[in-house]
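*Asks:* Next up, upload11.cif (mmCIF, N, CA and C atoms).
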data_structure
#
loop_
_atom_site.label_atom_id
_atom_site.label_comp_id
_atom_site.auth_asym_id
_atom_site.auth_seq_id
_atom_site.Cartn_x
_atom_site.Cartn_y
_atom_site.Cartn_z
N MET A 1 56.94 53.22 78.67
CA MET A 1 57.20 54.61 78.45
C MET A 1 57.58 55.31 79.75
N ALA A 2 56.92 54.98 80.82
CA ALA A 2 57.25 55.58 82.10
C ALA A 2 58.66 55.19 82.51
N SER A 3 59.03 53.94 82.21
CA SER A 3 60.37 53.53 82.59
C SER A 3 61.42 54.25 81.75
N GLU A 4 61.06 54.58 80.52
CA GLU A 4 61.97 55.34 79.66
C GLU A 4 62.15 56.75 80.23
N ALA A 5 61.10 57.36 80.72
CA ALA A 5 61.16 58.69 81.32
C ALA A 5 61.99 58.66 82.60
N VAL A 6 61.78 57.61 83.42
CA VAL A 6 62.55 57.47 84.65
C VAL A 6 64.02 57.31 84.32
N LYS A 7 64.30 56.49 83.28
CA LYS A 7 65.68 56.27 82.86
C LYS A 7 66.33 57.59 82.45
N LYS A 8 65.61 58.41 81.69
CA LYS A 8 66.15 59.71 81.25
C LYS A 8 66.37 60.66 82.44
N ILE A 9 65.44 60.61 83.39
CA ILE A 9 65.58 61.45 84.59
C ILE A 9 66.81 61.04 85.38
N LEU A 10 67.02 59.72 85.54
CA LEU A 10 68.18 59.23 86.27
C LEU A 10 69.48 59.58 85.56
N GLU A 11 69.47 59.47 84.23
CA GLU A 11 70.65 59.85 83.44
C GLU A 11 70.94 61.35 83.60
N ALA A 12 69.88 62.15 83.58
CA ALA A 12 70.04 63.60 83.73
C ALA A 12 70.58 63.94 85.11
N GLU A 13 70.08 63.24 86.15
CA GLU A 13 70.59 63.47 87.50
C GLU A 13 72.05 63.06 87.62
N ALA A 14 72.41 61.94 87.00
CA ALA A 14 73.81 61.48 87.03
C ALA A 14 74.70 62.49 86.32
N LEU A 15 74.26 62.98 85.17
CA LEU A 15 75.02 63.98 84.43
C LEU A 15 75.15 65.27 85.23
N SER A 16 74.05 65.64 85.89
CA SER A 16 74.06 66.84 86.73
C SER A 16 75.05 66.68 87.88
N ASP A 17 75.05 65.52 88.54
CA ASP A 17 75.99 65.26 89.63
C ASP A 17 77.42 65.31 89.13
N LYS A 18 77.65 64.73 87.93
CA LYS A 18 78.99 64.74 87.35
C LYS A 18 79.44 66.17 87.07
N LYS A 19 78.56 66.98 86.49
CA LYS A 19 78.89 68.37 86.18
C LYS A 19 79.11 69.18 87.46
N ASN A 20 78.31 68.93 88.50
CA ASN A 20 78.48 69.62 89.78
C ASN A 20 79.83 69.27 90.40
N ALA A 21 80.19 67.98 90.32
CA ALA A 21 81.48 67.55 90.87
C ALA A 21 82.63 68.21 90.12
N GLU A 22 82.52 68.29 88.80
CA GLU A 22 83.56 68.94 87.98
C GLU A 22 83.63 70.43 88.31
N ALA A 23 82.49 71.06 88.49
CA ALA A 23 82.46 72.49 88.84
C ALA A 23 83.11 72.72 90.20
N ARG A 24 82.83 71.85 91.17
CA ARG A 24 83.46 71.97 92.50
C ARG A 24 84.97 71.81 92.41
N ARG A 25 85.41 70.83 91.59
CA ARG A 25 86.85 70.61 91.43
C ARG A 25 87.51 71.85 90.82
N GLN A 26 86.89 72.41 89.78
CA GLN A 26 87.44 73.61 89.15
C GLN A 26 87.44 74.78 90.13
N ARG A 27 86.36 74.91 90.91
CA ARG A 27 86.29 75.97 91.91
C ARG A 27 87.45 75.85 92.91
N ASP A 28 87.67 74.62 93.38
CA ASP A 28 88.76 74.39 94.35
C ASP A 28 90.12 74.70 93.75
N GLU A 29 90.30 74.34 92.47
CA GLU A 29 91.56 74.65 91.80
C GLU A 29 91.76 76.16 91.68
N ILE A 30 90.71 76.87 91.32
CA ILE A 30 90.79 78.32 91.18
C ILE A 30 91.11 78.97 92.53
N ILE A 31 90.41 78.52 93.56
CA ILE A 31 90.66 79.07 94.91
C ILE A 31 92.09 78.79 95.35
N SER A 32 92.55 77.58 95.12
CA SER A 32 93.91 77.20 95.50
C SER A 32 94.94 78.04 94.75
N SER A 33 94.71 78.21 93.46
CA SER A 33 95.62 79.01 92.64
C SER A 33 95.63 80.47 93.09
N ALA A 34 94.45 81.01 93.34
CA ALA A 34 94.35 82.40 93.80
C ALA A 34 95.02 82.57 95.16
N SER A 35 94.82 81.59 96.01
CA SER A 35 95.43 81.65 97.34
C SER A 35 96.94 81.64 97.23
N GLY A 36 97.46 80.77 96.37
CA GLY A 36 98.91 80.71 96.17
C GLY A 36 99.45 82.01 95.59
N SER A 37 98.72 82.56 94.62
CA SER A 37 99.15 83.82 94.00
C SER A 37 99.14 84.96 95.00
N SER A 38 98.08 85.02 95.81
CA SER A 38 98.01 86.11 96.79
C SER A 38 99.10 85.95 97.84
N SER A 39 99.37 84.72 98.22
CA SER A 39 100.43 84.48 99.20
C SER A 39 101.77 84.94 98.64
N LEU A 40 102.01 84.63 97.37
CA LEU A 40 103.25 85.05 96.72
C LEU A 40 103.32 86.58 96.64
N ALA A 41 102.20 87.20 96.29
CA ALA A 41 102.17 88.66 96.20
C ALA A 41 102.42 89.29 97.56
N ILE A 42 101.85 88.71 98.60
CA ILE A 42 102.05 89.24 99.96
C ILE A 42 103.52 89.11 100.36
N GLN A 43 104.11 87.95 100.08
CA GLN A 43 105.52 87.75 100.40
C GLN A 43 106.40 88.75 99.65
N LYS A 44 106.07 89.01 98.40
CA LYS A 44 106.83 89.98 97.60
C LYS A 44 106.72 91.37 98.19
N LYS A 45 105.49 91.76 98.56
CA LYS A 45 105.29 93.09 99.16
C LYS A 45 106.03 93.22 100.49
N ILE A 46 106.02 92.14 101.28
CA ILE A 46 106.74 92.16 102.56
C ILE A 46 108.23 92.33 102.31
N ALA A 47 108.76 91.63 101.32
CA ALA A 47 110.19 91.75 100.99
C ALA A 47 110.51 93.17 100.53
N GLU A 48 109.64 93.74 99.71
CA GLU A 48 109.85 95.12 99.24
C GLU A 48 109.80 96.10 100.41
N ALA A 49 108.84 95.92 101.29
CA ALA A 49 108.71 96.81 102.45
C ALA A 49 109.93 96.68 103.37
N THR A 50 110.41 95.46 103.56
CA THR A 50 111.59 95.24 104.40
C THR A 50 112.80 95.94 103.79
N SER A 51 112.95 95.80 102.49
CA SER A 51 114.07 96.45 101.80
C SER A 51 113.99 97.96 101.93
N GLU A 52 112.80 98.50 101.75
CA GLU A 52 112.61 99.95 101.88
C GLU A 52 112.89 100.41 103.31
N ALA A 53 112.46 99.62 104.29
CA ALA A 53 112.70 99.96 105.69
C ALA A 53 114.20 99.99 105.99
N VAL A 54 114.93 99.05 105.42
CA VAL A 54 116.38 99.01 105.62
C VAL A 54 117.02 100.27 105.03
N LYS A 55 116.59 100.65 103.84
CA LYS A 55 117.12 101.86 103.20
C LYS A 55 116.83 103.10 104.06
N ILE A 56 115.60 103.17 104.56
CA ILE A 56 115.22 104.33 105.38
C ILE A 56 116.04 104.37 106.66
N ARG A 57 116.21 103.18 107.30
CA ARG A 57 117.02 103.12 108.53
C ARG A 57 118.45 103.56 108.26
N GLU A 58 119.02 103.11 107.14
CA GLU A 58 120.38 103.50 106.79
C GLU A 58 120.47 105.01 106.59
N GLY A 59 119.46 105.57 105.92
CA GLY A 59 119.44 107.02 105.71
C GLY A 59 119.38 107.78 107.02
N TYR A 60 118.51 107.31 107.93
CA TYR A 60 118.41 107.97 109.23
C TYR A 60 119.68 107.78 110.05
N SER A 61 120.30 106.63 109.90
CA SER A 61 121.54 106.37 110.62
C SER A 61 122.63 107.35 110.17
N GLU A 62 122.70 107.58 108.87
CA GLU A 62 123.68 108.55 108.34
C GLU A 62 123.35 109.97 108.83
N LYS A 63 122.07 110.31 108.81
CA LYS A 63 121.67 111.63 109.30
C LYS A 63 122.00 111.79 110.78
N LEU A 64 121.78 110.71 111.55
CA LEU A 64 122.08 110.75 112.97
C LEU A 64 123.58 110.95 113.21
N LYS A 65 124.40 110.24 112.45
CA LYS A 65 125.86 110.40 112.58
C LYS A 65 126.27 111.84 112.29
N GLU A 66 125.70 112.40 111.24
CA GLU A 66 126.02 113.78 110.87
C GLU A 66 125.54 114.75 111.96
N TYR A 67 124.34 114.51 112.48
CA TYR A 67 123.81 115.34 113.56
C TYR A 67 124.69 115.25 114.80
N GLU A 68 125.10 114.03 115.16
CA GLU A 68 125.96 113.85 116.34
C GLU A 68 127.30 114.57 116.13
N LYS A 69 127.84 114.46 114.93
CA LYS A 69 129.11 115.14 114.61
C LYS A 69 128.96 116.66 114.76
N ASN A 70 127.88 117.20 114.20
CA ASN A 70 127.64 118.64 114.28
C ASN A 70 127.37 119.07 115.73
N ALA A 71 126.60 118.28 116.45
CA ALA A 71 126.31 118.61 117.85
C ALA A 71 127.57 118.59 118.69
N LYS A 72 128.41 117.60 118.47
CA LYS A 72 129.67 117.52 119.22
C LYS A 72 130.56 118.72 118.90
N SER A 73 130.64 119.07 117.64
CA SER A 73 131.43 120.23 117.23
C SER A 73 130.89 121.50 117.88
N GLU A 74 129.58 121.66 117.87
CA GLU A 74 128.95 122.84 118.47
C GLU A 74 129.20 122.88 119.98
N CYS A 75 129.10 121.72 120.62
CA CYS A 75 129.36 121.65 122.06
C CYS A 75 130.80 122.04 122.39
N ILE A 76 131.72 121.56 121.58
CA ILE A 76 133.14 121.90 121.80
C ILE A 76 133.34 123.40 121.65
N LYS A 77 132.74 124.00 120.63
CA LYS A 77 132.86 125.44 120.43
C LYS A 77 132.31 126.21 121.63
N LYS A 78 131.11 125.83 122.07
CA LYS A 78 130.49 126.52 123.20
C LYS A 78 131.29 126.31 124.48
N THR A 79 131.81 125.11 124.67
CA THR A 79 132.62 124.83 125.85
C THR A 79 133.88 125.69 125.84
N ASN A 80 134.48 125.84 124.67
CA ASN A 80 135.68 126.68 124.57
C ASN A 80 135.36 128.14 124.89
N VAL A 81 134.24 128.62 124.41
CA VAL A 81 133.83 130.01 124.71
C VAL A 81 133.62 130.16 126.22
N ILE A 82 132.96 129.19 126.83
CA ILE A 82 132.71 129.25 128.28
C ILE A 82 134.04 129.20 129.05
N LYS A 83 134.97 128.36 128.59
CA LYS A 83 136.29 128.27 129.24
C LYS A 83 137.01 129.60 129.16
N GLN A 84 136.95 130.23 127.99
CA GLN A 84 137.62 131.52 127.82
C GLN A 84 137.01 132.57 128.76
N LEU A 85 135.66 132.56 128.82
CA LEU A 85 135.00 133.51 129.72
C LEU A 85 135.36 133.21 131.18
N ALA A 86 135.41 131.94 131.51
CA ALA A 86 135.76 131.56 132.88
C ALA A 86 137.18 131.99 133.21
N GLU A 87 138.10 131.79 132.30
CA GLU A 87 139.50 132.19 132.53
C GLU A 87 139.61 133.71 132.66
N LYS A 88 138.87 134.40 131.80
CA LYS A 88 138.88 135.87 131.86
C LYS A 88 138.32 136.34 133.20
N ASN A 89 137.19 135.74 133.63
CA ASN A 89 136.59 136.09 134.91
C ASN A 89 137.52 135.73 136.06
N MET A 90 138.21 134.60 135.92
CA MET A 90 139.14 134.16 136.96
C MET A 90 140.29 135.16 137.09
N ASP A 91 140.80 135.58 135.94
CA ASP A 91 141.88 136.57 135.96
C ASP A 91 141.41 137.87 136.61
N SER A 92 140.19 138.29 136.24
CA SER A 92 139.66 139.53 136.83
C SER A 92 139.43 139.37 138.33
N ALA A 93 138.93 138.20 138.74
CA ALA A 93 138.67 137.94 140.16
C ALA A 93 139.98 137.91 140.94
N VAL A 94 141.00 137.27 140.39
CA VAL A 94 142.30 137.21 141.07
C VAL A 94 142.88 138.61 141.18
N SER A 95 142.79 139.35 140.09
CA SER A 95 143.31 140.73 140.12
C SER A 95 142.57 141.57 141.15
N GLU A 96 141.27 141.42 141.22
CA GLU A 96 140.46 142.18 142.19
C GLU A 96 140.82 141.79 143.61
N ILE A 97 140.98 140.50 143.86
CA ILE A 97 141.34 140.04 145.22
C ILE A 97 142.71 140.58 145.60
N ILE A 98 143.63 140.51 144.68
CA ILE A 98 144.99 140.99 144.97
C ILE A 98 144.96 142.49 145.26
N SER A 99 144.23 143.23 144.46
CA SER A 99 144.21 144.68 144.66
C SER A 99 143.52 145.06 145.96
N ARG A 100 142.56 144.29 146.45
CA ARG A 100 141.86 144.62 147.69
C ARG A 100 142.68 144.26 148.92
N TYR A 101 143.37 143.17 148.85
CA TYR A 101 144.08 142.70 150.04
C TYR A 101 145.56 143.07 150.05
N PHE A 102 146.07 143.46 148.97
CA PHE A 102 147.50 143.78 148.99
C PHE A 102 147.73 145.15 148.51
#
Reformat the file's structure so that it appears as structure tokens.
*Replies:*
Amino acid sequence: MASEAVKKILEAEALSDKKNAEARRQRDEIISSASGSSSLAIQKKIAEATSEAVKIREGYSEKLKEYEKNAKSECIKKTNVIKQLAEKNMDSAVSEIISRYF
């Protein structure tokens, strides 16, 4: 009878070891699958972020071109006004010099 009990205990331990091994295998499969899925999700998010960054850069590039165009136009206008004032002042200065010395 004692040997029958020992036999049952050994069978139970063997079954327990088998079930533990199966549980470890399933755990490893689940972890591996989750790791693969998260890696895929991360890669997808990185691709989406890269695409969005490209769109934003293109938008800013267009805004910069427009700003540069407007700034250049404004500079040309102001330069022309300054040139006109300088010419007017030059004419007045020449006239004043001529009237004083001649």
*Asks:* How many Å separate atom N of Ala34 in chain A from CA of Ile46 in chain A?
*Replies:*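 Here the two named atoms are 19.0 Å from each other.
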*Asks:* Find the distance between CA of Ala47 in chain A and CA of Glu66 in chain A and write it in Å to one decimal.
*Replies:*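 These two atoms are separated by 28.9 Å.
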*Asks:* At what distance in Å, to one decimal, does atom N of Asn80 in chain A lie from atom C of Tyr67 in chain A?
*Replies:*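 Between atom C of Tyr67 in chain A and atom N of Asn80 in chain A the gap is 17.5 Å.
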